[in-house]
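Read the structure below first, then the notes.
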Amino acid sequence: MTASGEGTEISETRDGREPGEWYVIHTYSGQENSVKERLRKRVESMGLEDHIFEVLVPTDERIQVKDGKKTTVEERVFPGYALIRMKMTEESWHAVRYTPGVTGFVSSGTTPVPLDPSEVDGIRNRMAEEKPRPKIDLEVGENVRVVSGPFDGFMGTVNEIDGRQGKVHVMVNMFGRETPVELDFTQVEKV
């Protein structure tokens, strides 16, 4: 079984596809990585390497500003969920379902529903993005202080947030009037 889904060789079938199908399992929130490790150990101890191939806990790197310092943190994309590539048999279903921390499969009724391969490809591509995105913990109308750049020390109000670009538009009081300023998310902090 592949431990992480990143940087590891994945076995393929004769037609070039990965064996098994991808399913979503529900876990207790915050236990996704523990479940992943428990599943790895269960697969080894139960000899299910030919049935359960990979467990993936999608994460995303975010830039966070705390106490004026910029740090990169890794966040789970789907808290409380993990992806598992497996051949669905009664034995493999039981091994996964009764792993401590797993509350069940995402299913339609009682039957687990496999993900479309394009959905998994999209998740993997998102994880492979090199540039960490800012963790935006601001709301429109909130008061902020500019902490770097030419407007360092100015106070303002968030007017607009552009999460895709990591930019925030702030109304700063300059020369006795409100002036719109576009700043990088890392240049402001909540007041």
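Residues are referred to by chain and number: the chain letter is A, B, ... according to the order shown in the structure tokens, the number counts from 1 in that chain, and ligands are numbered separately from 1 in the order shown.
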- Query: Which residues come within 6 Å of stretch 162-169 of chain A, counting only C-alpha atoms, excluding same-chain residues fewer than 5 positions away, as a ChimeraX atom specification?
  - Reply: /A:134,181-185
- Selection: 9 Å around A:Asn143, only C-alpha atoms, excl. self and same-chain fewer than 5 positions, as a ChimeraX atom specification: /A:155-158,170,189-191
Find the spatial neighbours of A:Arg40, counting only C-alpha atoms, within a cut-off of 12 Å - ignore same-chain residues fewer than 4 positions away - and output them as a compact mmCIF listing (two decimals) with N, CA and C atoms, in the first residue's frame.
```
# COMPACT_ATOMS: atom_id res chain seq x y z
N MET A 1 0.84 -1.18 0.00
CA MET A 1 0.00 0.00 0.00
C MET A 1 0.88 1.24 0.00
N THR A 2 0.50 2.21 -0.77
CA THR A 2 1.22 3.47 -0.80
C THR A 2 0.80 4.29 0.41
N ALA A 3 1.75 4.85 1.11
CA ALA A 3 1.45 5.56 2.35
C ALA A 3 0.85 6.94 2.12
N SER A 4 1.29 7.65 1.10
CA SER A 4 0.83 9.03 1.00
C SER A 4 0.23 9.41 -0.34
N ASN A 33 -4.97 11.49 9.48
CA ASN A 33 -3.63 10.89 9.34
C ASN A 33 -3.46 9.67 10.22
N SER A 34 -4.08 9.65 11.39
CA SER A 34 -4.03 8.47 12.26
C SER A 34 -4.74 7.30 11.59
N VAL A 35 -5.87 7.57 10.98
CA VAL A 35 -6.61 6.54 10.26
C VAL A 35 -5.76 6.00 9.11
N LYS A 36 -5.10 6.90 8.41
CA LYS A 36 -4.23 6.49 7.30
C LYS A 36 -3.15 5.52 7.79
N GLU A 44 -1.07 -4.46 6.09
CA GLU A 44 0.10 -5.34 6.25
C GLU A 44 -0.23 -6.55 7.11
N SER A 45 -0.85 -6.35 8.26
CA SER A 45 -1.10 -7.46 9.18
C SER A 45 -2.15 -8.43 8.65
N MET A 46 -3.09 -7.95 7.84
CA MET A 46 -4.15 -8.82 7.31
C MET A 46 -3.83 -9.35 5.92
N GLY A 47 -2.68 -8.95 5.36
CA GLY A 47 -2.30 -9.42 4.03
C GLY A 47 -3.22 -8.94 2.93
N LEU A 48 -3.65 -7.70 3.00
CA LEU A 48 -4.59 -7.16 2.01
C LEU A 48 -3.93 -6.25 0.98
N GLU A 49 -2.63 -6.42 0.77
CA GLU A 49 -1.92 -5.57 -0.18
C GLU A 49 -2.48 -5.66 -1.60
N ILE A 52 -6.18 -3.37 -1.00
CA ILE A 52 -6.16 -1.97 -0.57
C ILE A 52 -4.79 -1.41 -0.94
N PHE A 53 -4.80 -0.40 -1.81
CA PHE A 53 -3.57 0.06 -2.44
C PHE A 53 -3.03 1.39 -1.91
N GLU A 54 -3.92 2.31 -1.59
CA GLU A 54 -3.46 3.66 -1.29
C GLU A 54 -4.49 4.40 -0.45
N VAL A 55 -4.00 5.19 0.49
CA VAL A 55 -4.85 6.07 1.28
C VAL A 55 -4.30 7.48 1.10
N LEU A 56 -5.18 8.41 0.85
CA LEU A 56 -4.76 9.78 0.57
C LEU A 56 -5.56 10.74 1.46
N ILE A 84 -9.49 6.46 -0.40
CA ILE A 84 -8.84 5.15 -0.37
C ILE A 84 -9.04 4.47 -1.72
N ALA A 95 -12.28 -4.56 6.64
CA ALA A 95 -10.99 -4.09 7.15
C ALA A 95 -10.99 -2.56 7.27
N VAL A 96 -11.55 -1.88 6.27
CA VAL A 96 -11.58 -0.42 6.29
C VAL A 96 -12.65 0.07 7.27
N THR A 99 -11.78 -0.08 11.02
CA THR A 99 -10.53 0.53 11.46
C THR A 99 -10.89 1.63 12.46
```
- Query: Between A:Pro150, A:Glu32, A:Thr111, A:Glu160, which is the closest to A:Glu90 once you count only C-alpha atoms?
  - Reply: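 The shortest atom-to-atom distance to A:Glu90 comes from A:Thr111.
Between atom CA of A:Leu138 and atom CA of A:Glu74 the interatomic distance comes to 18.8 Å.
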- Message: Please extract the residues of chain A with a backbone DSSP assignment of strand (DSSP E) and present them as a count of residues only.
- Response: 75
- Name all residues at most 12 Å from A:Val77 (count only C-alpha atoms; drop same-chain ones fewer than 5 positions away) and give them as a list in words.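 What passes the distance filter is Ser29, Gly30, Glu32, Leu56, Val57, Pro58, Thr59, Asp60, Glu61, Arg62, Ala82, Leu83, Ile123, Arg124, Arg126 and Met127 of chain A.
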- Every residue of chain A that DSSP places in alpha helix (DSSP H), as an NGL selection string: :A and (32-46 or 90-97 or 117-128)
- Would you work out the distance separating atom CA of A:Val102 from atom CA of A:Arg42, expressed in Å to one decimal?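 Spanning atom CA of A:Val102 to atom CA of A:Arg42 is a straight-line distance of 12.8 Å.
Picture a line from atom CA of A:Gln64 to atom CA of A:Tyr81; it runs 23.2 Å.
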